[in-house]
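Data first, discussion second: the structure below is written as structure tokens.
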Amino acid sequence: MKISTRTERWLKQMLPFFFLLLSITCLAQTSSVRGRVSNEAGEALTGVSISVRGTTTGTTSDSNGNYQLSNLPADAVLVFSYIGYSAQEIRLDGRSQLNVVMREAARSLQDVVVVGSRSHNRSVTETPVAIDIIPIREIALTSGQLDVNQLLQLVAPSFNANRQSGSDGSDHVDPATIRGLGPDQTLVLVNGKRRHQSALINIFGTRGRGNTGTDLNTIPAAAIERIEILRDGAAAQYGSDAIAGVINIVLKSSVEEFTSSVNTGITKEGDGEQYQVNGNYGFRIAEKGFANLTLDYLKREKTNRPADPAVYDIYRRQFGDASSDNFTGIYNAEIPVNEQASFYTFGTFNFRDTDAFAWTRDADSERNIPAIYPNGFDPHIQSRILDRSFSTGFKSKLREWDLDLNNTFGANRFHYFVDGTLNASLLEQSPTRFDAGGFELIQNTTGLHLTRYFKDILAGSNFAFGTEYRIENYEIFAGEEGSYRNYGIIDTVINGRVRQVDVLGRAAGSQGFPGFRPENELSEYRTNIGAYADAEFDITSAFMVAAAARFENYSDFGGTLNGKLASRLELTDNFAIRGSVSTGFRAPSLAQIYFNTTFTDFVSGQPVDKVISRNNSPLTRRLGIPALKHERSVNGSLGFTGSFRSFTATVDGYYVRIRDRIVLTGAFEDTDPDIGEDLQALGVGAGQFFTNAVDTRTLGVDVILNYATTFGADNILNVSFAGNFNDLEIQNIATTPRLAGKEDTYFGLREQRFLLASAPPSRMNLIFDYRLRDWNLNLKFNRFGEIVLIDWLGEEDVYKPKVTTDLAIAKKLSENFGITLGAVNLFDVYPTKQDTETESGGLWDPVQMGIGGAFYYARLRFNF
């Protein structure tokens, strides 16, 4: 394998750090605990959540109630929580055996949900790949982030999400990535079931350019029990979209407890106000069932960080985060039929009303009508996003097999409106608000899954197999006529032929975001059927091997077969090595295949009408761009976990090679000698296309270190470090024969830098968490590595490494009330200031920590 000079330099810098960690870990002493969790009748409890207070370390009990945790400080505090039972916090005090009896019984039949293993007899610490268990209630206690994307950004360094400005739909749905790969290369599950993607495809120079993704902010933290992150390629286990890994959101299932919080905050500049109120309550159904309900409302106001018009030629009067009203309702329920069977269902409903800034139109611009806007105008791109899902299933024992039959429906509808705008070709008669149309994505997945554990095969073996059938529908619907039509075009006779002539020379459509046209409308379907099998073999109590294979066949591009091998070797009770190798794939999304539109982009402040042509259009075929095919990947990982008294370390290196990545090309202008006439015939200034064009290689390492100690009976200090070091390299760019030699436009340096900026080369968090009785002090340092982009003038925009500081103080006022006061980005740090030739036309691109500055917040918590 050829290693680039940059990668070689990076590896040399990291080697001393790796050897230091390895030497410390190899000296580790025994620091582990195992035990059994039962109810007061002595019955084993399956799926009890066991976490280490103040950290993201945790596991769940298996089908016999047994659990095991390794790499723990001797004085760790374990938190045990389960449906309908009072949570318990127990100090380990050096014990290696700890059995726990849960009180106030109301046992559920809900299965353990842990990604990466389908065995109900394997805890998260025994899996052969890296899995993070993030207890949301613990994390949210001292976090000022009110949405899931931003919350994960600060607790999982390999996860990256930033808000956009002036990027159309990306202002309304934050694109998120793991390990610098695409937003559509991470699969999202809810309660172990596939979550539908957003209908939005990101088309501007932002993170996730040319990709679709899943909108995590449709599920509020108030509804989440925990989040499981599998940081390993998993397409052979879970199917398309799992090249980078899997995020599994486990909904709350508690009963007879009401929890609520009221949150508010504001930036140092006095804008960006946020208000949130939520409530969660669960109740029993009959004796052993439950239903858990969550309502959440989040209102976020705009921020505005414009450049100084006296200094910069390109001037946006409004530049910052969008405003939004976000309402969510979620339920999670299970109704037992008997001791071995139950019906379950869960669903989400989310409605978001948003308003985002678009580019300023100056008073003397040909795109303005001074009679309507004598001082120019600032269009606002608004959206109404409706997201809903419904999942229902039946779980039972089929002889000795665990059976799960499920159907999950999900839909995301994205409807654009443009306000404070005009259609210049209507002159003074133009409305100032337009319905611009939009798109919708619907997915329905039906699955049958069977799992069985054989305790007598080797030291224990688990087998699982199943099948899934998915139907997808993607729709584009047009806006009102005034949002796209040029009213200055008339038919006239020239040289005896009827020609269309623009007699006004005015820009058509709603300024800021021209509407979708009737010729853009479509409703396309496809189907997919998949089958998988996986097995896990405990060769001995210390050594296991896992294998998985999956075949999927799509109605639009055919089939693919992928496999995975993984293993874990426990050398001592507190030191283990683990690794995996797999192949993977990602199917092109329906949006990448069929999305098409004509829109207005700004190049150095000048408007240019551009067309994105769908993959199977006549124009695309004439240019020789082939039909989209699936992306292919090879994944490898190798890591270790270990401990030394109160110090623990987890290090996982990874390698990801992806062939035929789907990208959005650069814009080919109508002056191009080869395709210019085709674009001129469409009446647009430039054209872009989706195509399989890029091969990439990602090499990196995730490092998680934790130190915990106590002072006296009530003083607990946890210090944790989490870092992601990532090197993404573009290895090949393939053009079509007709466009050969046009690589600088096809996927030029500017587009390459956007792809490489999907994640900084390093992200590090250092957290100090101190607890004294009812007080909790949390201090976070977040370091963001350097990002380099190319602006509209072809110059490098260098965003230097930055460190932000978060501080939170929480106080438990009584058994039922608590308060948290804090600051995010306490010292008001901004990314490196650029000129306004950035993609967004502001002083910063959407990189690193965002552009809002310091944010101060307060939270009141209630539970009854």
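Residue names in the structure tokens use chain letters A, B, ... in the order shown, residue numbers from 1 in each chain, and ligand numbers from 1 in the order shown.
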Open item on the list: Need to verify the contact set: range 47-51 of chain A, 7 Å, only C-alpha atoms, exclusion of same-chain residues closer than 4 positions in sequence. Can you return it as a VMD selection string?
Closed with: chain A and resid 57 to 62 78 to 82 111 to 112
Can those selected residues be exported to a file as a compact mmCIF listing (two decimals), in the first residue's frame so that it contains C-alpha atoms?
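Output (result-v6.txt):
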```txt
# COMPACT_ATOMS: atom_id res chain seq x y z
CA THR A 57 -18.36 3.77 29.56
CA GLY A 58 -21.20 1.30 29.97
CA THR A 59 -22.82 -2.00 29.13
CA THR A 60 -26.10 -3.91 29.47
CA SER A 61 -26.98 -7.16 31.21
CA ASP A 62 -27.44 -10.25 29.06
CA LEU A 78 -21.74 2.24 38.71
CA VAL A 79 -25.24 3.43 37.78
CA PHE A 80 -27.89 0.72 37.28
CA SER A 81 -31.15 1.72 35.55
CA TYR A 82 -34.03 -0.26 34.10
CA ASP A 111 -34.60 -7.03 24.13
CA VAL A 112 -31.10 -5.72 24.55
```
Per residue of range 374-433 of chain A within 12 Å of range 211-230 of chain A, record the nearest atom pair and its distance in Å to one decimal, counting only C-alpha atoms, with rows in chain order and ascending residue number, as a tab-separated table.
```
residue	atom	partner	partner_atom	distance
A:Ile385	CA	A:Thr218	CA	9.9
A:Leu386	CA	A:Thr218	CA	9.5
A:Asp387	CA	A:Thr218	CA	7.3
A:Arg388	CA	A:Thr218	CA	8.9
A:Ser389	CA	A:Thr218	CA	10.4
A:Gly410	CA	A:Thr214	CA	11.3
A:Ala411	CA	A:Thr214	CA	11.3
A:Asn412	CA	A:Asp215	CA	9.3
A:Arg413	CA	A:Asp215	CA	11.8
A:Phe414	CA	A:Asp215	CA	11.7
```
Open item on the list: Can you tell me, as a ChimeraX atom specification, which residues in range 628-795 of chain A count as strand (DSSP E or B) by DSSP?
Closed with: /A:631-644,647-664,668-669,686-711,715-733,762-772,775-784,787-790
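We find CA of Asp534 in chain A and CA of Thr572 in chain A to be spaced 27.1 Å apart.
The environment of Asp835 in chain A within 9 Å, counting only C-alpha atoms and disregarding residues fewer than 3 places along the same chain, consists of Ala307, Tyr312, Ile314, Asp797, Thr838, Gly841, Gly842, Leu843 and Trp844 of chain A.
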Could the residues in this selection be saved with N, CA, C and O atoms as a PDB file, in the first residue's frame?
```
ATOM      1  N   ALA A 307     -20.006  40.934   7.594  1.00  0.00           N
ATOM      2  CA  ALA A 307     -18.736  41.633   7.404  1.00  0.00           C
ATOM      3  C   ALA A 307     -18.984  43.141   7.360  1.00  0.00           C
ATOM      4  O   ALA A 307     -20.115  43.606   7.168  1.00  0.00           O
ATOM      5  N   TYR A 312     -15.163  45.277   2.931  1.00  0.00           N
ATOM      6  CA  TYR A 312     -15.294  44.172   1.977  1.00  0.00           C
ATOM      7  C   TYR A 312     -16.269  44.533   0.863  1.00  0.00           C
ATOM      8  O   TYR A 312     -17.331  45.119   1.109  1.00  0.00           O
ATOM      9  N   ILE A 314     -17.824  42.295  -1.255  1.00  0.00           N
ATOM     10  CA  ILE A 314     -18.973  41.389  -1.213  1.00  0.00           C
ATOM     11  C   ILE A 314     -19.597  41.481   0.165  1.00  0.00           C
ATOM     12  O   ILE A 314     -18.950  41.176   1.166  1.00  0.00           O
ATOM     13  N   ASP A 797      -7.899  29.426   1.916  1.00  0.00           N
ATOM     14  CA  ASP A 797      -8.415  29.961   3.170  1.00  0.00           C
ATOM     15  C   ASP A 797      -8.017  28.979   4.266  1.00  0.00           C
ATOM     16  O   ASP A 797      -8.524  27.848   4.315  1.00  0.00           O
ATOM     17  N   THR A 838     -15.424  33.576   0.460  1.00  0.00           N
ATOM     18  CA  THR A 838     -15.743  32.221   0.898  1.00  0.00           C
ATOM     19  C   THR A 838     -16.964  31.703   0.160  1.00  0.00           C
ATOM     20  O   THR A 838     -17.691  32.463  -0.496  1.00  0.00           O
ATOM     21  N   GLY A 841     -19.973  33.583   1.326  1.00  0.00           N
ATOM     22  CA  GLY A 841     -19.990  35.027   1.199  1.00  0.00           C
ATOM     23  C   GLY A 841     -19.824  35.753   2.508  1.00  0.00           C
ATOM     24  O   GLY A 841     -19.949  36.988   2.553  1.00  0.00           O
ATOM     25  N   GLY A 842     -19.534  35.046   3.589  1.00  0.00           N
ATOM     26  CA  GLY A 842     -19.260  35.663   4.875  1.00  0.00           C
ATOM     27  C   GLY A 842     -17.788  35.575   5.207  1.00  0.00           C
ATOM     28  O   GLY A 842     -16.960  35.205   4.369  1.00  0.00           O
ATOM     29  N   LEU A 843     -17.455  35.907   6.439  1.00  0.00           N
ATOM     30  CA  LEU A 843     -16.060  35.902   6.855  1.00  0.00           C
ATOM     31  C   LEU A 843     -15.555  34.513   7.211  1.00  0.00           C
ATOM     32  O   LEU A 843     -14.359  34.344   7.448  1.00  0.00           O
ATOM     33  N   TRP A 844     -16.460  33.528   7.262  1.00  0.00           N
ATOM     34  CA  TRP A 844     -16.066  32.169   7.608  1.00  0.00           C
ATOM     35  C   TRP A 844     -16.889  31.166   6.796  1.00  0.00           C
ATOM     36  O   TRP A 844     -18.046  31.413   6.466  1.00  0.00           O
TER      37      TRP A 844
END
```
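Here the residues within range 164-400 of chain A that DSSP labels alpha helix (DSSP H) on the basis of the backbone are Ala235, Ala236, Gln237 and Tyr238 of chain A.
When CA of Arg614 in chain A is paired with CA of Ile471 in chain A, their separation reads 20.7 Å.
Summary of the local environment: counting only C-alpha atoms, residues at most 7 Å from Phe463 in chain A, other than itself and those fewer than 3 positions away along its chain, are Thr451, Arg452, Tyr453, Asp534, Ala535 and Glu536 of chain A.
Taking CA of Ala508 in chain A and CA of Leu427 in chain A as the two end points, the separation is 10.4 Å.
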Open item on the list: For range 187-193 of chain A, find every residue with an atom within 9 Å (counting only C-alpha atoms), except residues of its own chain fewer than 3 positions away, and show them as a PyMOL selection string.
Closed with: chain A and resi 113-115+183-184+196-197+213-214+216+234-235+238-251+346+391+406-408+445
